[in-house]
$ cat upload-v2.pdb   # PDB, C-alpha atoms and all ligand atoms
ATOM      1  CA  MET A   1       0.271  22.450   5.709
ATOM      2  CA  SER A   2       2.799  19.936   4.483
ATOM      3  CA  ASP A   3       2.171  16.489   3.133
ATOM      4  CA  ILE A   4       2.613  13.571   5.459
ATOM      5  CA  PRO A   5       5.015  11.003   4.020
ATOM      6  CA  ILE A   6       3.736   7.461   4.214
ATOM      7  CA  THR A   7       6.079   5.149   6.053
ATOM      8  CA  GLU A   8       5.822   1.647   7.446
ATOM      9  CA  LYS A   9       6.083   3.157  10.879
ATOM     10  CA  LEU A  10       3.066   5.348  10.239
ATOM     11  CA  LEU A  11       1.097   2.362   8.991
ATOM     12  CA  LEU A  12       2.173   0.288  11.941
ATOM     13  CA  ASN A  13       1.207   3.010  14.376
ATOM     14  CA  ALA A  14      -2.164   3.365  12.688
ATOM     15  CA  GLY A  15      -3.123  -0.266  12.341
ATOM     16  CA  GLY A  16      -0.948  -2.122  14.811
ATOM     17  CA  TRP A  17       0.530  -5.534  14.264
ATOM     18  CA  GLN A  18      -2.853  -7.201  14.003
ATOM     19  CA  ALA A  19      -3.433  -5.260  10.785
ATOM     20  CA  MET A  20       0.164  -5.145   9.593
ATOM     21  CA  LYS A  21       0.660  -8.912   9.531
ATOM     22  CA  PRO A  22      -2.279  -9.807   7.251
ATOM     23  CA  ALA A  23      -1.523  -6.677   5.227
ATOM     24  CA  ARG A  24       1.923  -8.022   4.374
ATOM     25  CA  GLU A  25       0.328 -11.283   3.301
ATOM     26  CA  LEU A  26      -2.144  -9.443   1.078
ATOM     27  CA  LEU A  27       0.663  -7.526  -0.572
ATOM     28  CA  LYS A  28       2.850 -10.595  -0.958
ATOM     29  CA  SER A  29       0.105 -12.518  -2.707
ATOM     30  CA  GLY A  30      -0.466  -9.668  -5.146
ATOM     31  CA  ARG A  31      -3.912  -8.604  -3.928
ATOM     32  CA  VAL A  32      -3.190  -4.899  -3.832
ATOM     33  CA  SER A  33      -3.651  -2.761  -6.928
ATOM     34  CA  GLU A  34      -3.935   0.833  -8.124
ATOM     35  CA  THR A  35      -2.360   2.373  -5.071
ATOM     36  CA  LYS A  36      -1.892   6.083  -5.168
ATOM     37  CA  TYR A  37      -1.300   8.860  -2.724
ATOM     38  CA  GLU A  38      -2.716  12.297  -3.271
ATOM     39  CA  PRO A  39      -2.211  13.839   0.140
ATOM     40  CA  PRO A  40      -3.963  13.506   2.403
ATOM     41  CA  LEU A  41      -5.720  10.696   0.574
ATOM     42  CA  LEU A  42      -4.190   7.285   0.103
ATOM     43  CA  SER A  43      -6.289   4.941  -1.994
ATOM     44  CA  GLY A  44      -6.198   1.612  -3.724
ATOM     45  CA  TYR A  45      -7.969  -1.692  -4.235
ATOM     46  CA  VAL A  46      -7.585  -4.898  -2.285
ATOM     47  CA  ARG A  47      -8.956  -8.142  -3.614
ATOM     48  CA  GLU A  48     -10.094 -10.711  -1.094
ATOM     49  CA  GLY A  49     -11.850 -13.746  -2.442
ATOM     50  CA  ALA A  50     -14.570 -12.583  -4.782
ATOM     51  CA  LYS A  51     -14.609  -9.082  -3.364
ATOM     52  CA  ASN A  52     -12.575  -6.108  -4.410
ATOM     53  CA  TYR A  53     -12.454  -3.581  -1.628
ATOM     54  CA  ARG A  54     -12.049   0.080  -2.324
ATOM     55  CA  SER A  55      -9.655   0.876   0.414
ATOM     56  CA  GLY A  56      -7.400   3.581   1.695
ATOM     57  CA  LEU A  57      -6.574   6.066   4.383
ATOM     58  CA  ARG A  58      -7.039   9.739   4.977
ATOM     59  CA  ILE A  59      -3.802  10.806   6.586
ATOM     60  CA  LYS A  60      -4.421  13.966   8.492
ATOM     61  CA  SER A  61      -1.264  13.636  10.514
ATOM     62  CA  ALA A  62       1.147  10.898  11.528
ATOM     63  CA  ILE A  63      -1.066  10.091  14.480
ATOM     64  CA  ASP A  64      -4.445  10.992  13.030
ATOM     65  CA  VAL A  65      -5.325   8.489  10.331
ATOM     66  CA  GLU A  66      -8.831   7.722   9.191
ATOM     67  CA  ASN A  67      -9.774   4.417   7.578
ATOM     68  CA  LEU A  68     -11.689   4.629   4.325
ATOM     69  CA  CYS A  69     -11.998   0.925   3.595
ATOM     70  CA  SER A  70     -15.364  -0.416   2.509
ATOM     71  CA  CYS A  71     -15.060  -3.742   4.311
ATOM     72  CA  TRP A  72     -17.371  -4.866   7.059
ATOM     73  CA  GLU A  73     -14.602  -5.106   9.626
ATOM     74  CA  SER A  74     -13.655  -1.494   9.154
ATOM     75  CA  ARG A  75     -17.201  -0.179   9.165
ATOM     76  CA  SER A  76     -18.367  -2.207  12.142
ATOM     77  CA  ALA A  77     -15.336  -1.863  14.383
ATOM     78  CA  GLY A  78     -14.223   1.529  13.158
ATOM     79  CA  LYS A  79     -10.593   0.533  13.233
ATOM     80  CA  ILE A  80      -7.816   0.547  10.683
ATOM     81  CA  CYS A  81      -8.097  -2.749   8.859
ATOM     82  CA  ALA A  82      -5.520  -4.865   7.070
ATOM     83  CA  HIS A  83      -6.780  -3.766   3.655
ATOM     84  CA  SER A  84      -5.932  -0.143   4.193
ATOM     85  CA  VAL A  85      -2.550  -0.980   5.665
ATOM     86  CA  ALA A  86      -1.951  -3.223   2.649
ATOM     87  CA  VAL A  87      -2.693  -0.301   0.336
ATOM     88  CA  GLY A  88      -0.104   1.723   2.226
ATOM     89  CA  LEU A  89       2.435  -1.077   1.937
ATOM     90  CA  GLY A  90       1.600  -1.449  -1.721
ATOM     91  CA  TYR A  91       2.252   2.225  -2.228
ATOM     92  CA  LEU A  92       5.630   1.921  -0.499
ATOM     93  CA  ASN A  93       6.557  -1.310  -2.280
ATOM     94  CA  PRO A  94       5.116  -1.223  -5.776
ATOM     95  CA  PRO A  95       5.276  -4.446  -7.759
ATOM     96  CA  ALA A  96       8.523  -4.694  -9.719
ATOM     97  CA  ALA A  97       6.677  -4.985 -13.025
ATOM     98  CA  THR A  98       4.833  -1.720 -12.517
ATOM     99  CA  VAL A  99       8.007   0.134 -11.612
ATOM    100  CA  ALA A 100       9.854  -1.205 -14.627
ATOM    101  CA  ALA A 101       7.010  -0.326 -16.953
ATOM    102  CA  SER A 102       6.321   3.186 -15.735
ATOM    103  CA  ASN A 103       9.652   4.532 -14.539
ATOM    104  CA  GLU A 104      12.406   2.858 -16.537
ATOM    105  CA  PRO A 105      11.202   2.053 -20.023
ATOM    106  CA  THR A 106      14.623   2.510 -21.666
ATOM    107  CA  MET A 107      16.855   0.706 -19.221
ATOM    108  CA  PRO A 108      16.890  -3.042 -19.872
ATOM    109  CA  GLU A 109      19.181  -3.756 -16.974
ATOM    110  CA  ALA A 110      19.108  -7.031 -15.118
ATOM    111  CA  PRO A 111      21.147  -7.741 -12.001
ATOM    112  CA  GLY A 112      24.309  -9.549 -13.006
ATOM    113  CA  SER A 113      24.028  -8.755 -16.683
ATOM    114  CA  THR A 114      26.716  -6.090 -16.526
ATOM    115  CA  VAL A 115      29.246  -8.130 -14.572
ATOM    116  CA  ARG A 116      31.221  -9.300 -17.593
ATOM    117  CA  ARG A 117      31.248  -5.949 -19.334
ATOM    118  CA  SER A 118      34.885  -5.149 -20.138
TER     119      SER A 118
HETATM  120 ZN    ZN A 201     -10.867  -3.305   5.072
END
$ encode --input "upload-v2.pdb" --output "C-alpha cells" --more "lines below"
Ligand SMILES: [Zn+2]
Amino acid sequence: MSDIPITEKLLLNAGGWQAMKPARELLKSGRVSETKYEPPLLSGYVREGAKNYRSGLRIKSAIDVENLCSCWESRSAGKICAHSVAVGLGYLNPPAATVAASNEPTMPEAPGSTVRRS
C-alpha cells in the first residue's frame, strides 16, 4: 500500500468548489494551524470565531476520503467541509514563516538581495 499524495485536485474532488472556496479564505486569513500528514491521516486545526476545530481527513484513496472534522456541518451532513479542505491546503501551502523557521534556518536570503552581488 502506497501513500496517497495530497494535491489540490484531490481536495477539490473530495470537497467540491463549495468547500474549496471558503477553505481558501480560511487559509488566506491564517486560520489554519498545525497541519500534518501521516498517511493516511491528515490533521490540523482550524479556528473559526471562538471555536478551534480539530479537523482533517482520512485519505484511503484519491477517491475515498473520509472527513474527520469536529464541526456541526460535517457531522450533520456527513460531507467534506471547508475546514478539512483548508487543512489540506494548509499542508500544501505552509505559511512562509513556518517554512523559513523549520527548513532554512541558515539561509538569510531575501528576493532581490543578491541582485547586486558582483
Ligand atoms: Zn468542519
$ resolve_selection --input "upload-v2.pdb" --expression "the PyMOL selection byres (((not hetatm)) within 6 of (chain A and resi 201))" --output "VMD selection string"
chain A and resid 69 to 71 74 81 to 84
$ resolve_selection --input "upload-v2.pdb" --expression "the PyMOL selection byres (((chain A and resi 60-68) around 7) and not hetatm)" --output "ChimeraX atom specification"
/A:4,10,14,40,55-59,69-70,79-80,84
$ closest_residue --input "upload-v2.pdb" --among "A:Ala50, A:Leu11, A:Ala19, A:Leu27" --to "Gly90 (chain A)" --atoms "all atoms listed in the file"
A:Leu27
$ residues_around --input "upload-v2.pdb" --residues "Tyr45 (chain A)" --least-positions-apart "5" --cutoff "7 Å" --atoms "all atoms listed in the file" --output "PyMOL selection string"
chain A and resi 32-35+52-55
$ residues_near_point --input "upload-v2.pdb" --point "(3.1, 17.2, 1.4)" --cutoff "10 Å" --atoms "only C-alpha atoms" --output "ChimeraX atom specification"
/A:1-5,38-40
$ atom_distance --input "upload-v2.pdb" --atom1 "CA of Gly78 (chain A)" --atom2 "CA of Lys28 (chain A)"
25.3 Å
$ atom_distance --input "upload-v2.pdb" --atom1 "CA of Lys9 (chain A)" --atom2 "CA of Lys51 (chain A)"
27.9 Å
